[in-house]
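Peer 1: Structure file work_33.cif, mmCIF, C-alpha atoms, is pasted below:
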data_structure
loop_
_atom_site.label_atom_id
_atom_site.label_comp_id
_atom_site.auth_asym_id
_atom_site.auth_seq_id
_atom_site.Cartn_x
_atom_site.Cartn_y
_atom_site.Cartn_z
CA MET A 1 97.40 118.62 -9.90
CA SER A 2 99.54 115.61 -10.63
CA ILE A 3 102.53 114.21 -8.86
CA SER A 4 105.20 114.79 -11.40
CA ASN A 5 106.84 111.68 -12.72
CA ASN A 6 106.21 112.41 -16.30
CA LEU A 7 108.82 111.56 -18.89
CA GLU A 8 107.52 114.44 -20.96
CA ASP A 9 108.34 117.06 -18.34
CA LYS A 10 110.43 119.86 -19.80
CA ILE A 11 112.46 119.90 -16.62
CA ALA A 12 112.71 117.35 -13.81
CA GLU A 13 115.56 117.80 -11.37
CA THR A 14 115.96 116.10 -8.03
CA ARG A 15 118.56 116.65 -5.35
CA ASP A 16 118.91 115.69 -1.71
CA PHE A 17 120.23 117.74 1.16
CA VAL A 18 121.20 116.98 4.73
CA VAL A 19 118.45 118.30 7.01
CA ASN A 20 120.11 121.27 8.70
CA SER A 21 120.15 125.04 8.39
CA ALA A 22 123.55 125.04 6.67
CA SER A 23 121.95 123.21 3.73
CA LEU A 24 119.57 126.07 2.97
CA LYS A 25 122.22 127.87 0.97
CA GLU A 26 122.67 124.74 -1.18
CA VAL A 27 118.90 124.51 -1.60
CA ARG A 28 118.87 128.05 -2.96
CA SER A 29 121.81 127.35 -5.29
CA PHE A 30 120.09 124.24 -6.65
CA SER A 31 116.84 126.17 -7.20
CA ARG A 32 118.62 129.04 -8.94
CA GLU A 33 120.44 126.59 -11.23
CA VAL A 34 117.15 125.01 -12.27
CA PHE A 35 115.37 128.34 -12.78
CA GLU A 36 118.20 129.57 -15.00
CA ARG A 37 116.81 127.10 -17.55
CA ILE A 38 113.29 128.53 -17.40
CA GLU A 39 112.28 131.67 -19.24
CA ILE A 40 110.65 133.67 -16.50
CA ASN A 41 111.55 137.08 -15.15
CA GLN A 42 114.12 137.49 -12.37
CA ASP A 43 111.55 138.72 -9.83
CA LEU A 44 109.54 135.53 -10.22
CA LYS A 45 112.70 133.41 -10.02
CA ASP A 46 113.62 135.15 -6.76
CA GLU A 47 110.14 134.55 -5.34
CA LEU A 48 110.22 130.88 -6.28
CA VAL A 49 113.66 130.46 -4.70
CA LEU A 50 112.27 132.08 -1.53
CA ALA A 51 109.25 129.74 -1.48
CA ILE A 52 111.47 126.68 -1.89
CA ALA A 53 113.92 127.85 0.78
CA GLU A 54 111.05 128.58 3.20
CA ALA A 55 109.59 125.11 2.67
CA ALA A 56 113.01 123.52 3.24
CA GLN A 57 113.44 125.68 6.33
CA ASN A 58 110.08 124.43 7.65
CA ILE A 59 111.38 120.86 7.37
CA VAL A 60 114.48 121.77 9.41
CA LYS A 61 112.50 123.82 11.96
CA HIS A 62 109.33 121.81 12.35
CA ALA A 63 109.58 118.25 10.96
CA TYR A 64 112.96 117.90 12.69
CA LYS A 65 112.17 120.04 15.72
CA GLY A 66 114.33 118.91 18.64
CA ILE A 67 116.42 116.67 16.41
CA GLU A 68 119.89 118.06 15.97
CA ASN A 69 122.88 116.72 14.08
CA THR A 70 120.78 114.34 12.02
CA GLU A 71 122.29 112.70 8.96
CA ASP A 72 118.84 112.35 7.42
CA LYS A 73 118.36 113.87 4.03
CA MET A 74 115.43 115.68 2.50
CA GLU A 75 114.77 115.48 -1.20
CA ILE A 76 113.59 118.29 -3.42
CA LYS A 77 112.24 117.69 -6.89
CA ILE A 78 111.57 120.57 -9.26
CA SER A 79 109.65 119.75 -12.42
CA LEU A 80 108.05 121.76 -15.17
CA SER A 81 105.45 120.14 -17.37
CA LYS A 82 105.01 120.86 -21.06
CA ASP A 83 102.06 123.09 -20.25
CA ASN A 84 104.24 125.11 -17.87
CA GLU A 85 102.90 123.82 -14.58
CA LEU A 86 105.74 124.10 -12.08
CA GLU A 87 105.67 121.48 -9.36
CA ILE A 88 108.08 121.34 -6.46
CA GLY A 89 108.06 118.26 -4.26
CA PHE A 90 109.66 118.05 -0.81
CA PHE A 91 110.21 114.68 0.83
CA ASP A 92 111.42 114.18 4.38
CA LYS A 93 111.61 111.53 7.10
CA GLY A 94 110.86 113.83 10.04
CA LYS A 95 107.85 113.95 12.32
CA PRO A 96 104.56 113.59 10.46
CA VAL A 97 103.14 116.99 9.58
CA ASP A 98 99.60 117.66 10.71
CA ASP A 99 98.22 119.59 7.74
CA ALA A 100 95.57 121.21 9.94
CA LYS A 101 98.26 122.78 12.13
CA VAL A 102 100.23 124.30 9.26
CA ARG A 103 98.97 127.85 9.39
CA HIS A 104 100.77 131.14 9.10
CA ARG A 105 100.18 133.64 11.86
CA ASN A 106 97.78 136.52 11.44
CA ILE A 107 99.83 138.90 9.31
CA ASP A 108 98.56 141.91 11.28
CA ASP A 109 99.84 140.44 14.53
CA ILE A 110 103.38 141.77 14.32
CA LYS A 111 105.78 139.37 15.96
CA PRO A 112 108.82 137.34 14.95
CA GLY A 113 108.13 133.99 13.30
CA GLY A 114 105.29 132.44 11.37
CA LEU A 115 106.00 134.23 8.10
CA GLY A 116 107.55 131.42 6.06
CA THR A 117 104.26 129.66 5.38
CA PHE A 118 102.66 133.01 4.56
CA PHE A 119 105.35 133.70 1.96
CA ILE A 120 104.91 130.26 0.41
CA GLN A 121 101.16 130.77 0.14
CA GLN A 122 101.62 134.25 -1.34
CA ILE A 123 104.00 133.00 -4.01
CA MET A 124 102.57 129.61 -5.00
CA ASP A 125 99.16 128.70 -6.45
CA ALA A 126 98.70 125.60 -4.31
CA VAL A 127 100.30 123.98 -1.25
CA VAL A 128 99.38 120.36 -0.55
CA PHE A 129 100.63 117.94 2.10
CA ARG A 130 100.54 114.23 1.48
CA GLU A 131 101.70 111.27 3.45
CA GLY A 132 105.04 110.27 1.99
CA GLU A 133 105.51 106.95 0.28
CA LYS A 134 108.17 104.80 1.94
CA PRO A 135 110.82 105.67 2.95
CA TRP A 136 109.45 109.18 3.21
CA ILE A 137 107.17 110.42 5.99
CA ASN A 138 106.08 113.77 4.58
CA HIS A 139 105.52 114.89 1.02
CA LEU A 140 104.80 118.55 0.40
CA ILE A 141 103.81 119.68 -3.08
CA LEU A 142 103.96 123.30 -4.20
CA THR A 143 102.56 124.18 -7.62
CA LYS A 144 102.38 127.26 -9.76
CA LYS A 145 101.29 127.85 -13.31
CA LEU A 146 104.03 129.79 -15.08
CA MET B 147 126.96 136.79 6.04
CA THR B 148 129.66 139.22 7.02
CA TYR B 149 129.31 142.51 8.84
CA LYS B 150 131.01 145.71 9.91
CA VAL B 151 129.99 148.09 12.69
CA THR B 152 130.78 151.79 12.80
CA GLU B 153 130.10 154.17 15.66
CA ASP B 154 129.17 157.84 15.48
CA GLY B 155 128.15 159.24 18.84
CA ASN B 156 125.10 157.33 20.00
CA ILE B 157 124.48 155.86 16.54
CA SER B 158 125.83 152.42 15.69
CA THR B 159 125.64 151.44 12.05
CA ILE B 160 125.77 147.78 11.15
CA PHE B 161 126.66 147.03 7.54
CA LEU B 162 125.42 143.53 6.72
CA ASP B 163 126.67 141.72 3.64
CA GLY B 164 125.55 138.50 1.99
CA GLU B 165 122.51 136.30 2.48
CA ILE B 166 120.50 136.26 5.70
CA ASP B 167 118.72 133.02 6.43
CA MET B 168 118.01 130.74 9.38
CA ASP B 169 121.65 129.66 9.46
CA VAL B 170 122.91 133.13 10.37
CA THR B 171 120.06 134.65 12.39
CA GLU B 172 121.67 133.88 15.75
CA LYS B 173 124.86 135.59 14.61
CA ALA B 174 122.84 138.59 13.38
CA LYS B 175 121.06 138.86 16.73
CA GLU B 176 124.37 138.61 18.59
CA ILE B 177 125.56 141.65 16.65
CA ILE B 178 122.40 143.74 16.85
CA MET B 179 120.87 143.07 20.27
CA PRO B 180 123.77 144.20 22.53
CA LEU B 181 123.82 147.55 20.74
CA ILE B 182 120.08 147.99 21.34
CA GLU B 183 120.49 146.92 24.95
CA ALA B 184 123.19 149.60 25.28
CA LYS B 185 120.42 152.03 24.13
CA LYS B 186 122.25 152.91 20.94
CA GLU B 187 120.26 154.11 17.94
CA VAL B 188 120.98 151.26 15.56
CA HIS B 189 121.14 151.75 11.81
CA ILE B 190 121.17 148.52 9.82
CA ASN B 191 122.55 149.04 6.33
CA LEU B 192 121.10 146.43 3.96
CA LYS B 193 122.62 147.63 0.70
CA GLU B 194 124.76 144.51 0.31
CA VAL B 195 122.19 141.96 1.45
CA GLN B 196 121.12 140.09 -1.65
CA TYR B 197 118.75 137.66 0.03
CA MET B 198 116.67 137.62 3.17
CA ASP B 199 114.08 135.05 4.19
CA SER B 200 111.45 134.95 6.94
CA SER B 201 114.13 134.25 9.56
CA GLY B 202 115.90 137.48 8.64
CA ILE B 203 112.61 139.37 8.73
CA SER B 204 112.01 137.96 12.22
CA VAL B 205 115.35 139.40 13.34
CA LEU B 206 114.29 142.82 12.02
CA ILE B 207 110.94 142.60 13.86
CA GLU B 208 112.61 141.44 17.07
CA SER B 209 115.19 144.24 16.84
CA HIS B 210 112.48 146.83 16.21
CA GLN B 211 110.43 145.62 19.17
CA LYS B 212 113.45 145.43 21.49
CA ALA B 213 114.46 148.96 20.52
CA THR B 214 110.98 150.27 21.25
CA GLU B 215 111.11 148.53 24.64
CA MET B 216 114.50 150.12 25.37
CA GLY B 217 113.35 153.58 24.29
CA THR B 218 115.59 153.74 21.24
CA LYS B 219 115.13 152.82 17.57
CA VAL B 220 116.36 150.70 14.72
CA ILE B 221 116.43 152.30 11.27
CA LEU B 222 116.93 150.24 8.11
CA LYS B 223 119.17 152.02 5.63
CA GLU B 224 119.83 151.61 1.90
CA ILE B 225 117.60 148.57 1.68
CA SER B 226 118.38 146.43 -1.35
CA LYS B 227 115.57 145.81 -3.82
CA SER B 228 115.33 142.12 -2.96
CA VAL B 229 115.11 142.76 0.79
CA LEU B 230 112.55 145.55 0.33
CA LYS B 231 110.40 143.16 -1.65
CA VAL B 232 110.37 140.65 1.21
CA ILE B 233 109.64 143.40 3.77
CA MET B 234 106.69 144.49 1.63
CA MET B 235 105.50 140.91 1.17
CA ALA B 236 105.41 140.69 4.99
CA LYS B 237 103.47 144.00 5.01
CA LEU B 238 106.02 145.56 7.33
CA GLU B 239 106.88 148.71 5.40
CA GLN B 240 104.65 150.78 7.69
CA ILE B 241 105.86 149.06 10.86
CA LEU B 242 109.65 149.03 10.57
CA ASN B 243 111.62 152.27 10.24
CA LEU B 244 112.77 152.38 6.62
CA ASP B 245 115.07 155.07 5.33
#
What would the structure in this file look like if it were written as structure tokens?

Peer 2:
Amino acid sequence: MSISNNLEDKIAETRDFVVNSASLKEVRSFSREVFERIEINQDLKDELVLAIAEAAQNIVKHAYKGIENTEDKMEIKISLSKDNELEIGFFDKGKPVDDAKVRHRNIDDIKPGGLGTFFIQQIMDAVVFREGEKPWINHLILTKKL
Amino acid sequence: MTYKVTEDGNISTIFLDGEIDMDVTEKAKEIIMPLIEAKKEVHINLKEVQYMDSSGISVLIESHQKATEMGTKVILKEISKSVLKVIMMAKLEQILNLD
């Protein structure tokens, strides 16, 4: 896996969003716009939009837990390499994420919550957390071979 | 998200419309929970819901569990293809009441 900064990427789109739940709709619109340019079936597009929205939601819910009305922004970068490796990067300035604590709940334990990470893992090939380079605190990378 | 509620005897049907995400879950719960607490049988029509994420699924689980606790039930009606897919991804098709 590579951090995408490749001039030869077929697609490389970056956008930032204020960290709040009202931005999730914009996150989905941005993702749908980008995926319109990729020849994949609608079901897969919908799944990828869901994975991106869930990851953005996790930033709002967890990295910014207890922090309301922030003007901080998160950045989302969607890139597709020439060999069709989709990479989605999420950058935020919230609380540092402890990778070891990012676990979905047991799927057989039926209760509200804890499903977002499960969906992301179901949809994507790989989910990797890295320490963000300044000014970012967290850098999440989702990848999938298309 | 917009909604409409119709009443027929002890059955309340909530027609939800739009996208259900974290931003609207509190509103969705404010609509659904009082009906369950009033021991209504609640039908949630999801025909016009084009998108639902894990927050929306949590509302469905919470509603189902609250209804069981209150001795009534929540039935999901006319579930759109996209919502059904997310319900199945969460492996809830045998848990929630789907119609």

Peer 1: Calculated over all atoms listed in the file, which of the candidates A:Leu50, A:Leu146, A:Val19, A:Leu24 has the smallest distance to Asp199 in chain B?

Peer 2: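 The answer is A:Leu50, which sits nearest to Asp199 in chain B.
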
Peer 1: Kindly provide, as a list in words, the residues of chain B having any atom no farther than 10 Å from an atom of chain A, counting all atoms listed in the file.

Peer 2: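 Taking all atoms listed in the file into account, Glu165, Ile166, Asp167, Met168, Asp169, Val170, Tyr197, Met198, Asp199, Ser200, Ser201, Gly202, Ile203, Ser204, Val205, Leu206, Ile207, Glu208, Ser209, Gln211, Ser228, Lys231, Val232, Met235, Ala236, Lys237, Leu238 and Ile241 of chain B sit within 10 Å of chain A.
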
Peer 1: Please report the interatomic distance between CA of Arg15 in chain A and CA of Asp163 in chain B in Å with one decimal.

Peer 2: 27.8 Å

Peer 1: Give me the residues near range 137-143 of chain A as a ChimeraX atom specification, where near means some atom within 8 Å (using all atoms listed in the file) and where sequence neighbours in that chain fewer than 3 positions away do not count.

Peer 2: /A:1,85-97,124-134

Peer 1: Give me, as a PyMOL selection string, all polymer residues having an atom no more than 12 Å from range 184-190 of chain B, counting only C-alpha atoms and skipping those fewer than 3 positions away in the same chain.

Peer 2: chain B and resi 149-163+174-175+177-181+193-195+205-206+209-210+212-226+242-245

Peer 1: Just give me the gap between CA of Glu33 in chain A and CA of Glu13 in chain A in Å, one decimal is fine.

Peer 2: 10.1 Å

Peer 1: For CA of Ile40 in chain A and CA of Lys227 in chain B, determine how far apart the two atoms are, in Å to one decimal place.

Peer 2: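 These two atoms are separated by 18.2 Å.
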
Peer 1: Tell me which residues come within 8 Å of (114.7, 125.0, -7.0), as a VMD selection string, counting only C-alpha atoms in the file's coordinates.

Peer 2: chain A and resid 27 to 35 48 to 49 52 76 to 78 88

Peer 1: If I put a ball of radius 7 Å at (113.9, 125.0, -16.6) in the file's coordinates, which residues poke into it when counting all atoms listed in the file, written as a list of chain:residue names?

Peer 2: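 Returned residue set, sorted by chain then number, is A:Lys10, A:Ile11, A:Val34, A:Phe35, A:Glu36, A:Arg37, A:Ile38, A:Leu80.
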
Peer 1: Supply range 19-30 of chain A as a CSV table (one decimal), keeping the file's coordinate frame, with all heavy atoms built in where the input has gaps.

Peer 2:
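Written output follows (part36.csv):
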chain,number,residue,atom,x,y,z
A,19,VAL,N,119.4,117.4,6.3
A,19,VAL,CA,118.4,118.3,7.0
A,19,VAL,C,119.1,119.1,8.1
A,19,VAL,O,119.3,118.7,9.2
A,19,VAL,CB,117.3,117.5,7.6
A,19,VAL,CG1,116.3,118.4,8.3
A,19,VAL,CG2,116.6,116.6,6.6
A,20,ASN,N,119.6,120.3,7.7
A,20,ASN,CA,120.1,121.3,8.7
A,20,ASN,C,120.1,122.6,8.1
A,20,ASN,O,120.0,122.8,6.8
A,20,ASN,CB,121.5,120.9,9.3
A,20,ASN,CG,122.6,120.8,8.2
A,20,ASN,OD1,122.6,121.7,7.3
A,20,ASN,ND2,123.4,119.9,8.3
A,21,SER,N,120.3,123.7,8.9
A,21,SER,CA,120.2,125.0,8.4
A,21,SER,C,121.3,125.4,7.4
A,21,SER,O,121.1,126.2,6.6
A,21,SER,CB,120.1,126.0,9.5
A,21,SER,OG,121.2,126.0,10.3
A,22,ALA,N,122.4,124.7,7.6
A,22,ALA,CA,123.6,125.0,6.7
A,22,ALA,C,123.2,124.6,5.2
A,22,ALA,O,123.9,125.1,4.3
A,22,ALA,CB,124.8,124.4,7.2
A,23,SER,N,122.3,123.7,5.1
A,23,SER,CA,122.0,123.2,3.7
A,23,SER,C,121.1,124.2,3.0
A,23,SER,O,120.9,124.1,1.7
A,23,SER,CB,121.2,121.9,3.8
A,23,SER,OG,122.0,120.9,4.3
A,24,LEU,N,120.5,125.2,3.6
A,24,LEU,CA,119.6,126.1,3.0
A,24,LEU,C,120.2,126.9,1.8
A,24,LEU,O,119.6,127.1,0.8
A,24,LEU,CB,118.9,127.0,4.0
A,24,LEU,CG,118.1,126.3,5.1
A,24,LEU,CD1,117.6,127.3,6.1
A,24,LEU,CD2,116.9,125.6,4.4
A,25,LYS,N,121.5,127.2,2.0
A,25,LYS,CA,122.2,127.9,1.0
A,25,LYS,C,122.3,127.0,-0.3
A,25,LYS,O,122.2,127.4,-1.4
A,25,LYS,CB,123.6,128.2,1.5
A,25,LYS,CG,124.3,129.2,0.6
A,25,LYS,CD,125.6,129.8,1.3
A,25,LYS,CE,126.1,130.9,0.6
A,25,LYS,NZ,127.1,131.7,1.3
A,26,GLU,N,122.6,125.7,-0.1
A,26,GLU,CA,122.7,124.7,-1.2
A,26,GLU,C,121.3,124.6,-1.8
A,26,GLU,O,121.2,124.4,-3.1
A,26,GLU,CB,123.2,123.4,-0.7
A,26,GLU,CG,124.6,123.4,-0.1
A,26,GLU,CD,124.9,122.1,0.6
A,26,GLU,OE1,124.4,121.0,0.2
A,26,GLU,OE2,125.5,122.1,1.6
A,27,VAL,N,120.3,124.6,-1.0
A,27,VAL,CA,118.9,124.5,-1.6
A,27,VAL,C,118.6,125.7,-2.5
A,27,VAL,O,118.1,125.5,-3.7
A,27,VAL,CB,117.8,124.5,-0.5
A,27,VAL,CG1,116.4,124.7,-1.0
A,27,VAL,CG2,117.9,123.2,0.3
A,28,ARG,N,119.1,126.9,-2.1
A,28,ARG,CA,118.9,128.0,-3.0
A,28,ARG,C,119.7,127.9,-4.2
A,28,ARG,O,119.2,128.3,-5.3
A,28,ARG,CB,119.2,129.3,-2.2
A,28,ARG,CG,118.3,129.6,-1.0
A,28,ARG,CD,118.4,131.0,-0.5
A,28,ARG,NE,119.7,131.4,0.0
A,28,ARG,CZ,120.2,131.2,1.3
A,28,ARG,NH1,119.3,130.6,2.1
A,28,ARG,NH2,121.3,131.5,1.7
A,29,SER,N,120.9,127.5,-4.1
A,29,SER,CA,121.8,127.4,-5.3
A,29,SER,C,121.2,126.4,-6.3
A,29,SER,O,121.2,126.6,-7.5
A,29,SER,CB,123.2,126.8,-4.9
A,29,SER,OG,123.8,127.8,-4.1
A,30,PHE,N,120.7,125.2,-5.8
A,30,PHE,CA,120.1,124.2,-6.6
A,30,PHE,C,118.9,124.9,-7.4
A,30,PHE,O,118.7,124.7,-8.6
A,30,PHE,CB,119.6,123.0,-5.8
A,30,PHE,CG,118.7,122.1,-6.5
A,30,PHE,CD1,119.1,121.4,-7.6
A,30,PHE,CD2,117.4,121.9,-5.9
A,30,PHE,CE1,118.2,120.5,-8.2
A,30,PHE,CE2,116.5,121.0,-6.6
A,30,PHE,CZ,116.9,120.3,-7.7
